[in-house]
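**Student:** So that you have it, the file is model-v3.pdb, and it contains PDB, C-alpha atoms:
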```pdb
ATOM      1  CA  MET A1137      91.736  20.571  59.468  1.00  0.00           C
ATOM      2  CA  ASP A1138      93.355  18.046  61.781  1.00  0.00           C
ATOM      3  CA  LYS A1139      93.895  20.582  64.558  1.00  0.00           C
ATOM      4  CA  VAL A1140      90.183  21.345  64.744  1.00  0.00           C
ATOM      5  CA  SER A1141      89.204  18.092  66.442  1.00  0.00           C
ATOM      6  CA  SER A1142      91.591  18.758  69.326  1.00  0.00           C
ATOM      7  CA  ALA A1143      89.492  21.686  70.527  1.00  0.00           C
ATOM      8  CA  PHE A1144      86.685  19.378  71.599  1.00  0.00           C
ATOM      9  CA  SER A1145      88.805  17.508  74.157  1.00  0.00           C
ATOM     10  CA  GLU A1146      88.831  20.541  76.436  1.00  0.00           C
ATOM     11  CA  THR A1147      86.755  20.568  79.608  1.00  0.00           C
ATOM     12  CA  SER A1148      83.116  21.403  78.916  1.00  0.00           C
ATOM     13  CA  PHE A1149      81.305  24.239  80.634  1.00  0.00           C
ATOM     14  CA  SER A1150      78.463  23.004  82.856  1.00  0.00           C
ATOM     15  CA  ALA A1151      75.478  25.136  81.909  1.00  0.00           C
ATOM     16  CA  PRO A1152      72.662  25.408  84.438  1.00  0.00           C
ATOM     17  CA  ALA A1153      70.027  22.698  84.145  1.00  0.00           C
ATOM     18  CA  ARG A1154      66.820  23.944  82.565  1.00  0.00           C
ATOM     19  CA  GLY A1155      63.442  22.389  82.012  1.00  0.00           C
ATOM     20  CA  PRO A1156      62.222  21.292  78.574  1.00  0.00           C
ATOM     21  CA  ALA A1157      59.973  24.367  78.307  1.00  0.00           C
ATOM     22  CA  THR A1158      62.876  26.822  78.390  1.00  0.00           C
ATOM     23  CA  ALA A1159      62.454  29.364  75.598  1.00  0.00           C
ATOM     24  CA  LEU A1160      64.790  29.565  72.636  1.00  0.00           C
ATOM     25  CA  PRO A1161      66.114  32.800  71.106  1.00  0.00           C
ATOM     26  CA  GLU A1162      64.444  34.073  67.957  1.00  0.00           C
ATOM     27  CA  ALA A1163      67.912  33.898  66.389  1.00  0.00           C
ATOM     28  CA  VAL A1164      71.559  33.633  67.400  1.00  0.00           C
ATOM     29  CA  LEU A1165      74.050  36.148  66.024  1.00  0.00           C
ATOM     30  CA  TRP A1166      77.628  34.898  65.921  1.00  0.00           C
ATOM     31  CA  ASP A1167      80.917  36.724  65.787  1.00  0.00           C
ATOM     32  CA  MET A1168      83.525  34.691  63.881  1.00  0.00           C
ATOM     33  CA  ASP A1169      87.169  35.411  64.800  1.00  0.00           C
ATOM     34  CA  GLY A1170      87.805  34.238  68.354  1.00  0.00           C
ATOM     35  CA  THR A1171      84.206  33.093  68.871  1.00  0.00           C
ATOM     36  CA  ILE A1172      83.717  30.345  66.282  1.00  0.00           C
ATOM     37  CA  ILE A1173      87.296  29.870  65.134  1.00  0.00           C
ATOM     38  CA  ASP A1174      90.480  30.901  66.920  1.00  0.00           C
ATOM     39  CA  THR A1175      92.096  33.003  64.218  1.00  0.00           C
ATOM     40  CA  GLU A1176      93.643  35.649  66.478  1.00  0.00           C
ATOM     41  CA  PRO A1177      97.134  34.023  66.372  1.00  0.00           C
ATOM     42  CA  GLN A1178      96.892  34.023  62.569  1.00  0.00           C
ATOM     43  CA  TRP A1179      95.840  37.683  62.506  1.00  0.00           C
ATOM     44  CA  LEU A1180      98.909  38.541  64.595  1.00  0.00           C
ATOM     45  CA  ALA A1181     101.201  36.529  62.312  1.00  0.00           C
ATOM     46  CA  ALA A1182      99.701  38.191  59.236  1.00  0.00           C
ATOM     47  CA  GLU A1183     100.100  41.653  60.796  1.00  0.00           C
ATOM     48  CA  VAL A1184     103.744  40.988  61.700  1.00  0.00           C
ATOM     49  CA  ALA A1185     104.491  39.811  58.152  1.00  0.00           C
ATOM     50  CA  LEU A1186     102.649  42.790  56.661  1.00  0.00           C
ATOM     51  CA  ALA A1187     104.550  45.261  58.816  1.00  0.00           C
ATOM     52  CA  GLU A1188     107.918  43.724  57.975  1.00  0.00           C
ATOM     53  CA  ARG A1189     107.094  43.682  54.268  1.00  0.00           C
ATOM     54  CA  HIS A1190     106.471  47.429  54.380  1.00  0.00           C
ATOM     55  CA  GLY A1191     109.477  48.293  56.549  1.00  0.00           C
ATOM     56  CA  GLY A1192     107.659  48.556  59.863  1.00  0.00           C
ATOM     57  CA  THR A1193     107.564  46.565  63.087  1.00  0.00           C
ATOM     58  CA  TRP A1194     104.651  44.929  64.902  1.00  0.00           C
ATOM     59  CA  THR A1195     104.304  43.256  68.291  1.00  0.00           C
ATOM     60  CA  GLU A1196     101.720  41.150  70.105  1.00  0.00           C
ATOM     61  CA  ALA A1197     100.883  44.090  72.390  1.00  0.00           C
ATOM     62  CA  MET A1198     100.124  46.197  69.312  1.00  0.00           C
ATOM     63  CA  GLY A1199      98.029  43.413  67.847  1.00  0.00           C
ATOM     64  CA  ASP A1200      95.873  43.249  70.979  1.00  0.00           C
ATOM     65  CA  LYS A1201      94.655  46.768  70.198  1.00  0.00           C
ATOM     66  CA  LEU A1202      93.065  45.558  66.950  1.00  0.00           C
ATOM     67  CA  ILE A1203      91.046  42.585  68.263  1.00  0.00           C
ATOM     68  CA  GLY A1204      87.411  42.889  67.319  1.00  0.00           C
ATOM     69  CA  MET A1205      87.782  46.203  65.492  1.00  0.00           C
ATOM     70  CA  ALA A1206      86.465  47.021  62.043  1.00  0.00           C
ATOM     71  CA  LEU A1207      89.229  46.615  59.456  1.00  0.00           C
ATOM     72  CA  PRO A1208      89.382  50.262  58.287  1.00  0.00           C
ATOM     73  CA  GLU A1209      89.910  51.377  61.885  1.00  0.00           C
ATOM     74  CA  SER A1210      92.347  48.509  62.524  1.00  0.00           C
ATOM     75  CA  ILE A1211      94.416  49.484  59.511  1.00  0.00           C
ATOM     76  CA  ARG A1212      94.468  53.133  60.596  1.00  0.00           C
ATOM     77  CA  ILE A1213      95.859  52.070  63.993  1.00  0.00           C
ATOM     78  CA  PHE A1214      98.204  49.579  62.312  1.00  0.00           C
ATOM     79  CA  ARG A1215      99.699  52.231  60.007  1.00  0.00           C
ATOM     80  CA  ASP A1216     100.208  54.659  62.884  1.00  0.00           C
ATOM     81  CA  LEU A1217     101.808  52.192  65.303  1.00  0.00           C
ATOM     82  CA  ALA A1218     103.931  50.376  62.707  1.00  0.00           C
ATOM     83  CA  GLU A1219     104.894  53.670  61.035  1.00  0.00           C
ATOM     84  CA  ILE A1220     103.872  52.490  57.572  1.00  0.00           C
ATOM     85  CA  SER A1221     102.847  54.816  54.755  1.00  0.00           C
ATOM     86  CA  ALA A1222     101.323  52.326  52.289  1.00  0.00           C
ATOM     87  CA  PRO A1223      97.700  53.074  51.277  1.00  0.00           C
ATOM     88  CA  PRO A1224      95.119  51.580  53.672  1.00  0.00           C
ATOM     89  CA  GLU A1225      93.253  49.847  50.846  1.00  0.00           C
ATOM     90  CA  GLN A1226      96.421  48.059  49.750  1.00  0.00           C
ATOM     91  CA  LEU A1227      97.198  46.936  53.300  1.00  0.00           C
ATOM     92  CA  ILE A1228      93.689  45.543  53.791  1.00  0.00           C
ATOM     93  CA  VAL A1229      93.929  43.542  50.555  1.00  0.00           C
ATOM     94  CA  GLU A1230      97.316  42.095  51.534  1.00  0.00           C
ATOM     95  CA  LEU A1231      96.171  41.305  55.071  1.00  0.00           C
ATOM     96  CA  ILE A1232      92.999  39.502  53.969  1.00  0.00           C
ATOM     97  CA  GLU A1233      94.880  37.515  51.314  1.00  0.00           C
ATOM     98  CA  GLU A1234      97.387  36.320  53.917  1.00  0.00           C
ATOM     99  CA  MET A1235      94.593  35.407  56.344  1.00  0.00           C
ATOM    100  CA  VAL A1236      92.799  33.408  53.659  1.00  0.00           C
ATOM    101  CA  ARG A1237      96.026  31.503  53.016  1.00  0.00           C
ATOM    102  CA  LEU A1238      96.616  30.806  56.710  1.00  0.00           C
ATOM    103  CA  VAL A1239      93.068  29.664  57.478  1.00  0.00           C
ATOM    104  CA  ARG A1240      92.923  27.469  54.379  1.00  0.00           C
ATOM    105  CA  SER A1241      96.190  25.850  55.483  1.00  0.00           C
ATOM    106  CA  GLY A1242      94.496  24.532  58.641  1.00  0.00           C
ATOM    107  CA  ALA A1243      96.403  26.802  60.999  1.00  0.00           C
ATOM    108  CA  ALA A1244      93.398  27.767  63.151  1.00  0.00           C
ATOM    109  CA  ASP A1245      91.425  25.770  65.742  1.00  0.00           C
ATOM    110  CA  TRP A1246      87.695  25.884  66.298  1.00  0.00           C
ATOM    111  CA  ARG A1247      86.661  27.423  69.603  1.00  0.00           C
ATOM    112  CA  PRO A1248      85.376  24.859  72.150  1.00  0.00           C
ATOM    113  CA  GLY A1249      81.680  24.138  71.804  1.00  0.00           C
ATOM    114  CA  ALA A1250      81.072  26.459  68.852  1.00  0.00           C
ATOM    115  CA  ARG A1251      80.437  23.868  66.143  1.00  0.00           C
ATOM    116  CA  GLU A1252      78.358  21.695  68.477  1.00  0.00           C
ATOM    117  CA  LEU A1253      76.152  24.625  69.448  1.00  0.00           C
ATOM    118  CA  LEU A1254      75.739  25.644  65.813  1.00  0.00           C
ATOM    119  CA  THR A1255      74.654  22.080  65.000  1.00  0.00           C
ATOM    120  CA  ASP A1256      72.178  22.004  67.900  1.00  0.00           C
ATOM    121  CA  LEU A1257      70.713  25.354  66.896  1.00  0.00           C
ATOM    122  CA  GLY A1258      70.138  23.949  63.423  1.00  0.00           C
ATOM    123  CA  ARG A1259      68.342  20.931  64.887  1.00  0.00           C
ATOM    124  CA  HIS A1260      66.104  23.292  66.865  1.00  0.00           C
ATOM    125  CA  GLU A1261      65.516  25.386  63.718  1.00  0.00           C
ATOM    126  CA  VAL A1262      66.881  28.523  65.368  1.00  0.00           C
ATOM    127  CA  PRO A1263      68.162  30.903  62.649  1.00  0.00           C
ATOM    128  CA  CYS A1264      71.828  31.883  62.875  1.00  0.00           C
ATOM    129  CA  ALA A1265      73.680  34.860  61.427  1.00  0.00           C
ATOM    130  CA  LEU A1266      77.408  35.374  61.080  1.00  0.00           C
ATOM    131  CA  VAL A1267      78.314  38.942  62.075  1.00  0.00           C
ATOM    132  CA  THR A1268      82.018  39.489  61.507  1.00  0.00           C
ATOM    133  CA  MET A1269      84.328  42.390  60.823  1.00  0.00           C
ATOM    134  CA  SER A1270      86.395  40.110  58.589  1.00  0.00           C
ATOM    135  CA  TYR A1271      85.664  40.677  54.916  1.00  0.00           C
ATOM    136  CA  GLN A1272      83.523  38.324  52.819  1.00  0.00           C
ATOM    137  CA  GLN A1273      86.584  36.753  51.193  1.00  0.00           C
ATOM    138  CA  LEU A1274      87.778  35.405  54.552  1.00  0.00           C
ATOM    139  CA  ALA A1275      84.332  34.660  55.970  1.00  0.00           C
ATOM    140  CA  ASP A1276      83.629  32.444  52.948  1.00  0.00           C
ATOM    141  CA  VAL A1277      86.639  30.262  53.796  1.00  0.00           C
ATOM    142  CA  VAL A1278      85.310  29.586  57.311  1.00  0.00           C
ATOM    143  CA  ILE A1279      81.734  29.084  56.093  1.00  0.00           C
ATOM    144  CA  GLU A1280      82.961  26.457  53.622  1.00  0.00           C
ATOM    145  CA  MET A1281      84.386  24.463  56.569  1.00  0.00           C
ATOM    146  CA  LEU A1282      80.950  24.221  58.202  1.00  0.00           C
ATOM    147  CA  PRO A1283      77.872  22.273  57.061  1.00  0.00           C
ATOM    148  CA  ALA A1284      75.896  23.899  54.271  1.00  0.00           C
ATOM    149  CA  GLY A1285      73.117  26.121  55.581  1.00  0.00           C
ATOM    150  CA  THR A1286      74.759  26.761  58.964  1.00  0.00           C
ATOM    151  CA  PHE A1287      74.083  30.497  58.604  1.00  0.00           C
ATOM    152  CA  ASP A1288      70.857  32.018  57.338  1.00  0.00           C
ATOM    153  CA  THR A1289      72.608  35.304  56.618  1.00  0.00           C
ATOM    154  CA  VAL A1290      76.123  36.717  56.761  1.00  0.00           C
ATOM    155  CA  VAL A1291      77.159  40.274  57.595  1.00  0.00           C
ATOM    156  CA  THR A1292      80.815  41.116  56.956  1.00  0.00           C
ATOM    157  CA  GLY A1293      82.951  44.169  57.549  1.00  0.00           C
ATOM    158  CA  ASP A1294      82.894  45.162  53.887  1.00  0.00           C
ATOM    159  CA  GLN A1295      79.070  45.247  53.899  1.00  0.00           C
ATOM    160  CA  VAL A1296      78.549  47.921  56.564  1.00  0.00           C
ATOM    161  CA  ASN A1297      79.290  51.615  56.797  1.00  0.00           C
ATOM    162  CA  ARG A1298      80.056  51.527  60.528  1.00  0.00           C
ATOM    163  CA  GLY A1299      81.695  48.438  61.955  1.00  0.00           C
ATOM    164  CA  LYS A1300      81.984  47.207  65.515  1.00  0.00           C
ATOM    165  CA  PRO A1301      81.785  48.698  68.141  1.00  0.00           C
ATOM    166  CA  HIS A1302      78.900  50.459  66.355  1.00  0.00           C
ATOM    167  CA  PRO A1303      75.645  48.424  66.492  1.00  0.00           C
ATOM    168  CA  GLU A1304      75.038  48.589  62.720  1.00  0.00           C
ATOM    169  CA  PRO A1305      76.353  45.059  61.936  1.00  0.00           C
ATOM    170  CA  TYR A1306      74.002  43.394  64.435  1.00  0.00           C
ATOM    171  CA  LEU A1307      71.020  45.522  63.478  1.00  0.00           C
ATOM    172  CA  LEU A1308      71.602  44.620  59.827  1.00  0.00           C
ATOM    173  CA  ALA A1309      71.788  40.912  60.677  1.00  0.00           C
ATOM    174  CA  ALA A1310      68.466  41.022  62.541  1.00  0.00           C
ATOM    175  CA  GLU A1311      66.874  42.969  59.692  1.00  0.00           C
ATOM    176  CA  ARG A1312      68.035  40.380  57.149  1.00  0.00           C
ATOM    177  CA  LEU A1313      66.720  37.541  59.314  1.00  0.00           C
ATOM    178  CA  GLY A1314      63.414  39.311  59.802  1.00  0.00           C
ATOM    179  CA  VAL A1315      63.562  39.044  63.594  1.00  0.00           C
ATOM    180  CA  ASN A1316      63.300  41.480  66.490  1.00  0.00           C
ATOM    181  CA  ILE A1317      66.834  42.225  67.674  1.00  0.00           C
ATOM    182  CA  GLN A1318      65.591  42.150  71.288  1.00  0.00           C
ATOM    183  CA  GLY A1319      64.650  38.494  70.863  1.00  0.00           C
ATOM    184  CA  THR A1320      68.127  37.455  69.731  1.00  0.00           C
ATOM    185  CA  VAL A1321      71.275  36.314  71.509  1.00  0.00           C
ATOM    186  CA  ALA A1322      74.667  37.557  70.283  1.00  0.00           C
ATOM    187  CA  LEU A1323      77.903  35.681  70.991  1.00  0.00           C
ATOM    188  CA  GLU A1324      81.149  37.676  71.086  1.00  0.00           C
ATOM    189  CA  ASP A1325      84.749  37.398  72.294  1.00  0.00           C
ATOM    190  CA  SER A1326      85.983  41.015  72.347  1.00  0.00           C
ATOM    191  CA  VAL A1327      85.235  44.404  73.881  1.00  0.00           C
ATOM    192  CA  PRO A1328      84.289  46.002  70.528  1.00  0.00           C
ATOM    193  CA  GLY A1329      82.102  42.984  69.822  1.00  0.00           C
ATOM    194  CA  VAL A1330      80.087  42.967  73.058  1.00  0.00           C
ATOM    195  CA  THR A1331      79.788  46.749  72.841  1.00  0.00           C
ATOM    196  CA  SER A1332      78.336  46.495  69.330  1.00  0.00           C
ATOM    197  CA  ALA A1333      75.968  43.655  70.162  1.00  0.00           C
ATOM    198  CA  ALA A1334      74.703  45.130  73.423  1.00  0.00           C
ATOM    199  CA  ALA A1335      74.130  48.530  71.825  1.00  0.00           C
ATOM    200  CA  SER A1336      71.994  46.869  69.148  1.00  0.00           C
ATOM    201  CA  GLY A1337      69.605  45.515  71.770  1.00  0.00           C
ATOM    202  CA  ALA A1338      70.622  41.861  71.424  1.00  0.00           C
ATOM    203  CA  HIS A1339      70.997  39.782  74.587  1.00  0.00           C
ATOM    204  CA  THR A1340      74.770  39.544  74.576  1.00  0.00           C
ATOM    205  CA  ILE A1341      77.096  36.863  75.914  1.00  0.00           C
ATOM    206  CA  GLY A1342      80.841  37.426  75.959  1.00  0.00           C
ATOM    207  CA  ILE A1343      83.189  34.456  75.788  1.00  0.00           C
ATOM    208  CA  PRO A1344      86.642  35.995  76.357  1.00  0.00           C
ATOM    209  CA  ALA A1345      89.441  34.439  74.326  1.00  0.00           C
ATOM    210  CA  HIS A1346      92.512  36.604  73.662  1.00  0.00           C
ATOM    211  CA  GLN A1347      91.136  39.817  75.107  1.00  0.00           C
ATOM    212  CA  GLY A1348      89.778  40.374  78.590  1.00  0.00           C
ATOM    213  CA  ILE A1349      86.197  41.629  78.746  1.00  0.00           C
ATOM    214  CA  PRO A1350      85.246  43.643  81.839  1.00  0.00           C
ATOM    215  CA  GLU A1351      82.045  42.802  83.688  1.00  0.00           C
ATOM    216  CA  SER A1352      79.059  44.967  82.791  1.00  0.00           C
ATOM    217  CA  PRO A1353      75.287  44.945  83.290  1.00  0.00           C
ATOM    218  CA  GLU A1354      75.018  45.321  79.507  1.00  0.00           C
ATOM    219  CA  TYR A1355      76.075  41.724  78.816  1.00  0.00           C
ATOM    220  CA  SER A1356      76.872  38.382  80.445  1.00  0.00           C
ATOM    221  CA  LEU A1357      80.179  36.515  80.476  1.00  0.00           C
ATOM    222  CA  VAL A1358      80.827  32.763  80.295  1.00  0.00           C
ATOM    223  CA  PRO A1359      84.206  31.011  80.134  1.00  0.00           C
ATOM    224  CA  THR A1360      83.392  28.726  77.183  1.00  0.00           C
ATOM    225  CA  LEU A1361      80.612  27.507  74.892  1.00  0.00           C
ATOM    226  CA  ALA A1362      81.540  23.878  75.544  1.00  0.00           C
ATOM    227  CA  GLY A1363      78.457  22.117  76.908  1.00  0.00           C
ATOM    228  CA  VAL A1364      76.135  25.049  76.202  1.00  0.00           C
ATOM    229  CA  ARG A1365      72.808  24.057  74.608  1.00  0.00           C
ATOM    230  CA  PRO A1366      70.338  26.227  72.659  1.00  0.00           C
ATOM    231  CA  GLN A1367      67.959  26.288  75.631  1.00  0.00           C
ATOM    232  CA  ASP A1368      70.765  27.600  77.867  1.00  0.00           C
ATOM    233  CA  LEU A1369      71.401  30.771  75.872  1.00  0.00           C
ATOM    234  CA  LEU A1370      68.641  33.029  77.178  1.00  0.00           C
ATOM    235  CA  PRO A1371      69.259  31.998  80.809  1.00  0.00           C
ATOM    236  CA  LEU A1372      73.009  32.564  80.382  1.00  0.00           C
ATOM    237  CA  ALA A1373      72.228  35.979  78.935  1.00  0.00           C
ATOM    238  CA  GLY A1374      70.249  36.747  82.084  1.00  0.00           C
ATOM    239  CA  ARG A1375      66.876  36.415  80.385  1.00  0.00           C
ATOM    240  CA  GLY A1376      65.828  32.956  81.622  1.00  0.00           C
TER     241      GLY A1376
END
```
So that I can check it, write out the structure of this file as structure tokens.

**Tutor:**
Amino acid sequence: MDKVSSAFSETSFSAPARGPATALPEAVLWDMDGTIIDTEPQWLAAEVALAERHGGTWTEAMGDKLIGMALPESIRIFRDLAEISAPPEQLIVELIEEMVRLVRSGAADWRPGARELLTDLGRHEVPCALVTMSYQQLADVVIEMLPAGTFDTVVTGDQVNRGKPHPEPYLLAAERLGVNIQGTVALEDSVPGVTSAAASGAHTIGIPAHQGIPESPEYSLVPTLAGVRPQDLLPLAGRG
């Protein structure tokens, strides 16, 4: 993906200096869309095409309502707003297939600092989980673009009964990793995402991308992951 390298030229975030003894999280739990890779423009394009194909209309303002949501709930909102009657299961299949095509084509950029932080966490032997409401078919495409073994476990939207903003996805990730959720740091870019992660008990950091995240004592906010090191995560989450 030629566009990916351009993300790393952006200004890095200056994390607070910490001593060498700063603790590391037991694990880091990563959202995917908007946190690791900037696929939100592709989701909007896929939604517009899907709506038009089924005789409906879709706008960017409508698309903003779906950011971070579990796909079954997103499709329910999508059908209502676009005034489409096609079966939800069919719409999900078509939407995921189009997203797979778009991401494989190289249309999405990596989010600043995400791949570097993932690499550093691997060097420090900190387990990482991918916790995404995208389905496995799409998550696999992104995972294939990263070094083998980047994630110790993967939780996708088609593996849970209750998606974000419910805490189930993050609790399942911690269970699979065999770690205490309260010793983990979760990284998210959306309101449903930080709500899910914080409710699970994970120390949660929001990195707003395409959706504003209001301030809350339940989580911390940073403008970017660029320049953030593994030893910065607990302090940035307010636990340093």

**Student:** Find, counting all atoms listed in the file, the residue in A:Pro1223, A:Gly1299, A:Gly1258, A:Gly1204 that gets nearest to A:Val1330.

**Tutor:** A:Gly1204

**Student:** One decimal, Å: what's the distance from atom CA of A:Pro1371 over to atom CA of A:Leu1357, could you say?

**Tutor:**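 Taking atom CA of A:Pro1371 and atom CA of A:Leu1357, their separation equals 11.8 Å.
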
**Student:** Enumerate, as a ChimeraX atom specification, the residues matched when the PyMOL selection byres ((chain A and resi 1287) around 10) is run on the file above.

**Tutor:** /A:1164-1166,1254,1258,1263-1266,1279,1282-1286,1288-1290

**Student:** Would you compute the distance between atom CA of A:Thr1175 and atom CA of A:Arg1247? Give it in Å to one decimal.

**Tutor:**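 Going from atom CA of A:Thr1175 over to atom CA of A:Arg1247 covers 9.5 Å.
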
**Student:** Let me make sure I understand: among A:Asp1245, A:Ala1334, A:Val1296, A:His1302, which one has the smallest atom-to-atom distance to A:Ile1317 if we use all atoms listed in the file?

**Tutor:**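 That would be A:Ala1334, the residue with the smallest distance to A:Ile1317.
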
**Student:** Could you tell me how far atom CA of A:Pro1344 lies from atom CA of A:Asp1276, in Å and to one decimal?

**Tutor:** 23.9 Å

**Student:** Near A:Ile1213, within 10 Å and counting all atoms listed in the file, which residues show up once chain neighbours fewer than 5 positions away are dropped, as a list in words?

**Tutor:**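 In the requested form, the answer reads Met1198, Gly1199, Lys1201, Leu1202, Leu1207, Pro1208, Ala1218 and Glu1219 of chain A.
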
**Student:** Which one is closest to A:Leu1227: A:Ala1244, A:Leu1186, A:Leu1253, A:Val1327? Count all atoms listed in the file.

**Tutor:**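 Nearest to A:Leu1227: A:Leu1186.
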
**Student:** Could you tell me, as a list in words, exactly which residues end up selected when the PyMOL selection byres ((chain A and resi 1194) around 6) is applied to this structure?

**Tutor:** Val1184, Thr1193, Thr1195 and Ala1218 of chain A
